[in-house]
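Asks: First the structure, which I've put down as structure tokens, then a few questions once you've had a look.
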Amino acid sequence: MSDRPEQTQPPIALDLVRRDVVVPKLRRVAMVCFSVGIVVALLVSLMTETWIAVLVGVGIGGPPGLGALLAARRACWLDGRTVYSRSVTTKGVETGGLQRAELTVQPGRFRQVHLALQDRQTTVTVLLALYGSDRGAELDVMAMRRLADVLAMSESINAATVSRVLVEHLRAEARGAGLTERPLYRAVNRAEQHAKSGRVALTEDDLVSLLDTE
């Protein structure tokens, strides 16, 4: 099968929450934090030396403001067969040369399902789903479909199995299945059988157990 059709498709976002929704909010948070820091610095400067006031203002407004800006910069996308992740820097993993592809689950109040992709030098993590007690958020259907397609073209056996899990999840979502019938949600339950805390990497047997055998 030729890879040409896949390569002609435009890049697609792999962010669980749309950036056009969350980024403006994070930037507003950053501006509020910086403004608070400036106001505090001005007030403190009335009672002490300027350099002390500046340090106090930076200490109060700087860390949360920079944290919000860093969160606004974070992004994940698929371009051709390469998955990119950006935070402070940008890194990418070409799915044709994968050495590892696995689903990992972070148990807790808000349980997270990640896809970890690794080549010889780089690891990229994609957040696929976030579940509460009775509801959740999952990666956009088109993004998950594209991700499943490029994983299916990889020579990695693990990537092919993960691709099958994603496809089965899309099928469950298409027929309106509840959370408990969706493979990514079942991955959370499977992981919690191994550990109640700490990130859990699902084995090949775990992945196979998520597939609908009906």
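By order of appearance in the structure tokens: chains A, B, ..., then residues from 1 within every chain, and ligands from 1 in the order shown.
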Counting only C-alpha atoms, what is within 12 Å of A:Leu179, bar same-chain residues fewer than 3 positions away, as a VMD selection string?
Replies: chain A and resid 129 to 138 169 172 to 173 175 to 176 182 to 189
Asks: Per residue of stretch 138-182 of chain A within 9 Å of stretch 15-18 of chain A, which atom pair is closest and at what distance in Å (one decimal), using only C-alpha atoms, listed by chain and increasing number, as JSON lines?
Replies:
{"residue": "A:Glu138", "atom": "CA", "partner": "A:Leu16", "partner_atom": "CA", "distance": 6.4}
{"residue": "A:Leu139", "atom": "CA", "partner": "A:Leu16", "partner_atom": "CA", "distance": 5.0}
{"residue": "A:Asp140", "atom": "CA", "partner": "A:Leu16", "partner_atom": "CA", "distance": 7.1}
{"residue": "A:Ala143", "atom": "CA", "partner": "A:Asp15", "partner_atom": "CA", "distance": 8.8}
Asks: Store the residues picked out above in a file with N, CA and C atoms, as a compact mmCIF listing (two decimals), in the first residue's frame.
Replies:
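Here's the written file again-v2.txt:
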# COMPACT_ATOMS: atom_id res chain seq x y z
N GLU A 138 -12.49 12.38 25.48
CA GLU A 138 -11.66 11.53 24.62
C GLU A 138 -11.18 12.32 23.41
N LEU A 139 -10.08 11.88 22.86
CA LEU A 139 -9.51 12.53 21.69
C LEU A 139 -10.53 12.56 20.55
N ASP A 140 -10.50 13.65 19.78
CA ASP A 140 -11.40 13.82 18.66
C ASP A 140 -11.38 12.60 17.73
N ALA A 143 -8.93 12.74 14.76
CA ALA A 143 -7.55 12.65 15.23
C ALA A 143 -7.21 11.22 15.62
Asks: One decimal, in Å: what's the spacing between atom CA of A:Val58 and atom CA of A:Arg28?
Replies: 17.5 Å
Asks: Between A:Gly108, A:Gly96, A:Pro24, A:Pro64, single out the one closest to A:Gly37, counting only C-alpha atoms.
Replies: A:Pro64
Asks: Could you list, as an mmCIF file with N, CA and C atoms, in the first residue's frame, every residue within 10 Å of A:Arg146, counting only C-alpha atoms and ignoring same-chain residues fewer than 5 positions away?
Replies:
data_model
loop_
_atom_site.group_PDB
_atom_site.id
_atom_site.type_symbol
_atom_site.label_atom_id
_atom_site.label_comp_id
_atom_site.auth_asym_id
_atom_site.auth_seq_id
_atom_site.Cartn_x
_atom_site.Cartn_y
_atom_site.Cartn_z
ATOM 1 N N GLU A 6 -1.577 9.325 2.682
ATOM 2 C CA GLU A 6 -1.411 9.766 4.068
ATOM 3 C C GLU A 6 -0.539 11.009 4.141
ATOM 4 N N GLN A 9 -2.217 14.515 3.427
ATOM 5 C CA GLN A 9 -3.199 15.052 4.357
ATOM 6 C C GLN A 9 -2.569 16.144 5.210
ATOM 7 N N PRO A 11 -1.694 18.510 8.544
ATOM 8 C CA PRO A 11 -1.476 18.167 9.952
ATOM 9 C C PRO A 11 -2.791 18.218 10.719
ATOM 10 N N ILE A 12 -2.886 17.387 11.748
ATOM 11 C CA ILE A 12 -4.099 17.357 12.563
ATOM 12 C C ILE A 12 -3.718 17.409 14.039
ATOM 13 N N LEU A 14 -3.658 16.773 17.956
ATOM 14 C CA LEU A 14 -3.883 15.616 18.827
ATOM 15 C C LEU A 14 -4.070 16.072 20.273
ATOM 16 N N LEU A 78 -0.154 15.603 14.596
ATOM 17 C CA LEU A 78 0.326 14.583 13.671
ATOM 18 C C LEU A 78 0.502 15.215 12.302
ATOM 19 N N ASP A 79 1.693 15.099 11.745
ATOM 20 C CA ASP A 79 1.994 15.638 10.419
ATOM 21 C C ASP A 79 2.590 14.511 9.590
ATOM 22 N N GLY A 80 1.837 14.022 8.599
ATOM 23 C CA GLY A 80 2.290 12.849 7.860
ATOM 24 C C GLY A 80 2.268 11.636 8.774
ATOM 25 N N ARG A 81 3.438 11.045 8.983
ATOM 26 C CA ARG A 81 3.544 9.898 9.891
ATOM 27 C C ARG A 81 4.353 10.246 11.138
ATOM 28 N N VAL A 141 -12.541 12.260 17.180
ATOM 29 C CA VAL A 141 -12.682 11.056 16.349
ATOM 30 C C VAL A 141 -11.725 11.060 15.164
ATOM 31 N N LEU A 151 -0.271 4.265 12.942
ATOM 32 C CA LEU A 151 0.260 3.181 13.777
ATOM 33 C C LEU A 151 0.134 1.839 13.058
ATOM 34 N N ALA A 152 -0.944 1.669 12.299
ATOM 35 C CA ALA A 152 -1.149 0.426 11.560
ATOM 36 C C ALA A 152 -0.088 0.238 10.484
ATOM 37 N N SER A 163 -3.101 0.211 17.475
ATOM 38 C CA SER A 163 -3.966 0.682 16.397
ATOM 39 C C SER A 163 -5.301 -0.059 16.422
#
Asks: So which one's closest to A:Gln193, A:Val126, A:Ala53, A:Leu115, A:Val105? Using only C-alpha atoms, please.
Replies: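 So, comparing all the options, the nearest one is A:Val105.
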Asks: Using DSSP on the backbone coordinates, identify the residues of stretch 49-138 of chain A assigned to alpha helix (DSSP H); present them as a list in words.
Replies: Thr50, Trp51, Ile52, Ala53, Val54, Leu55, Val56, Gly57, Val58, Gly59, Ile60, Gly61, Gly62, Pro63, Pro64, Gly65, Leu66, Gly67, Ala68, Leu69, Leu70, Ala71, Ala72 and Arg73 of chain A
Asks: Compare A:Ala159, A:Val56, A:Ala75, A:Met31 by their minimum atom-to-atom distance to A:Leu43, counting only C-alpha atoms, and give me the closest one.
Replies: A:Val56
Asks: List every residue of stretch 65-175 of chain A that has an atom at most 6 Å from any atom of stretch 197-202 of chain A, giving for each one its closest atom pair and the distance in Å to one decimal, counting only C-alpha atoms, sorted by chain and then by ascending residue number, as a Markdown table.
Replies:
| residue | atom | partner | partner_atom | distance |
| --- | --- | --- | --- | --- |
| A:Leu103 | CA | A:Leu202 | CA | 5.8 |
| A:Thr104 | CA | A:Ala201 | CA | 4.3 |
| A:Val105 | CA | A:Val200 | CA | 5.2 |
| A:Gln106 | CA | A:Arg199 | CA | 4.4 |
| A:Pro107 | CA | A:Ser197 | CA | 5.5 |
Asks: Could you save those same residues with all heavy atoms as a compact mmCIF listing (two decimals), in the first residue's frame?
Replies:
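File selection-v1.txt, as written:
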# COMPACT_ATOMS: atom_id res chain seq x y z
N LEU A 103 0.13 1.81 25.57
CA LEU A 103 -0.87 2.57 26.30
C LEU A 103 -0.48 2.58 27.77
O LEU A 103 -0.15 1.53 28.33
CB LEU A 103 -2.26 1.96 26.14
CG LEU A 103 -2.94 2.09 24.77
CD1 LEU A 103 -4.34 1.50 24.84
CD2 LEU A 103 -3.00 3.53 24.31
N THR A 104 -0.50 3.74 28.38
CA THR A 104 -0.22 3.86 29.80
C THR A 104 -1.41 4.53 30.47
O THR A 104 -2.08 5.38 29.88
CB THR A 104 1.06 4.66 30.08
OG1 THR A 104 0.89 6.01 29.61
CG2 THR A 104 2.25 4.02 29.39
N VAL A 105 -1.66 4.15 31.71
CA VAL A 105 -2.79 4.68 32.47
C VAL A 105 -2.29 5.28 33.76
O VAL A 105 -1.47 4.66 34.47
CB VAL A 105 -3.83 3.57 32.76
CG1 VAL A 105 -4.95 4.11 33.64
CG2 VAL A 105 -4.39 3.01 31.46
N GLN A 106 -2.76 6.48 34.06
CA GLN A 106 -2.45 7.14 35.32
C GLN A 106 -3.70 7.10 36.19
O GLN A 106 -4.64 7.86 35.96
CB GLN A 106 -2.03 8.59 35.08
CG GLN A 106 -1.71 9.37 36.35
CD GLN A 106 -0.45 8.86 37.03
OE1 GLN A 106 0.60 8.75 36.39
NE2 GLN A 106 -0.56 8.52 38.30
N PRO A 107 -3.75 6.17 37.17
CA PRO A 107 -4.94 6.09 38.03
C PRO A 107 -5.06 7.34 38.92
O PRO A 107 -4.15 8.14 39.03
CB PRO A 107 -4.67 4.83 38.88
CG PRO A 107 -3.60 4.09 38.14
CD PRO A 107 -2.78 5.14 37.48
Asks: Taking only C-alpha atoms into account, which of A:Ser45, A:Thr125, A:Asn158, A:Thr50 comes nearest A:Cys76?
Replies: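 Looking only at the distances to A:Cys76, the closest residue turns out to be A:Thr125.
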Asks: Atom CA of A:Val167 and atom CA of A:Asp20, how far apart in Å?
Replies: 26.8 Å
Asks: Between A:Lys91, A:Arg19, A:Arg190, A:Arg109, single out the one closest to A:Gln121, counting only C-alpha atoms.
Replies: A:Lys91
Asks: Figure out the distance between atom CA of A:Met153 and atom CA of A:Thr90, please, to one decimal in Å.
Replies: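 It comes out at 23.7 Å.
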Asks: Would you mind writing down, as an NGL selection string, each residue of stretch 72-143 of chain A that DSSP on the backbone assigns to strand (DSSP E or B)?
Replies: :A and (75-79 or 82-86 or 90-94 or 100-106 or 111-118 or 123-131 or 136-138)
Asks: Between A:Thr82, A:Leu70, A:Thr180, A:Leu127, which one has atoms that come closest to A:Gln112, using only C-alpha atoms?
Replies: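 Selected residue with least distance to A:Gln112: A:Leu127.
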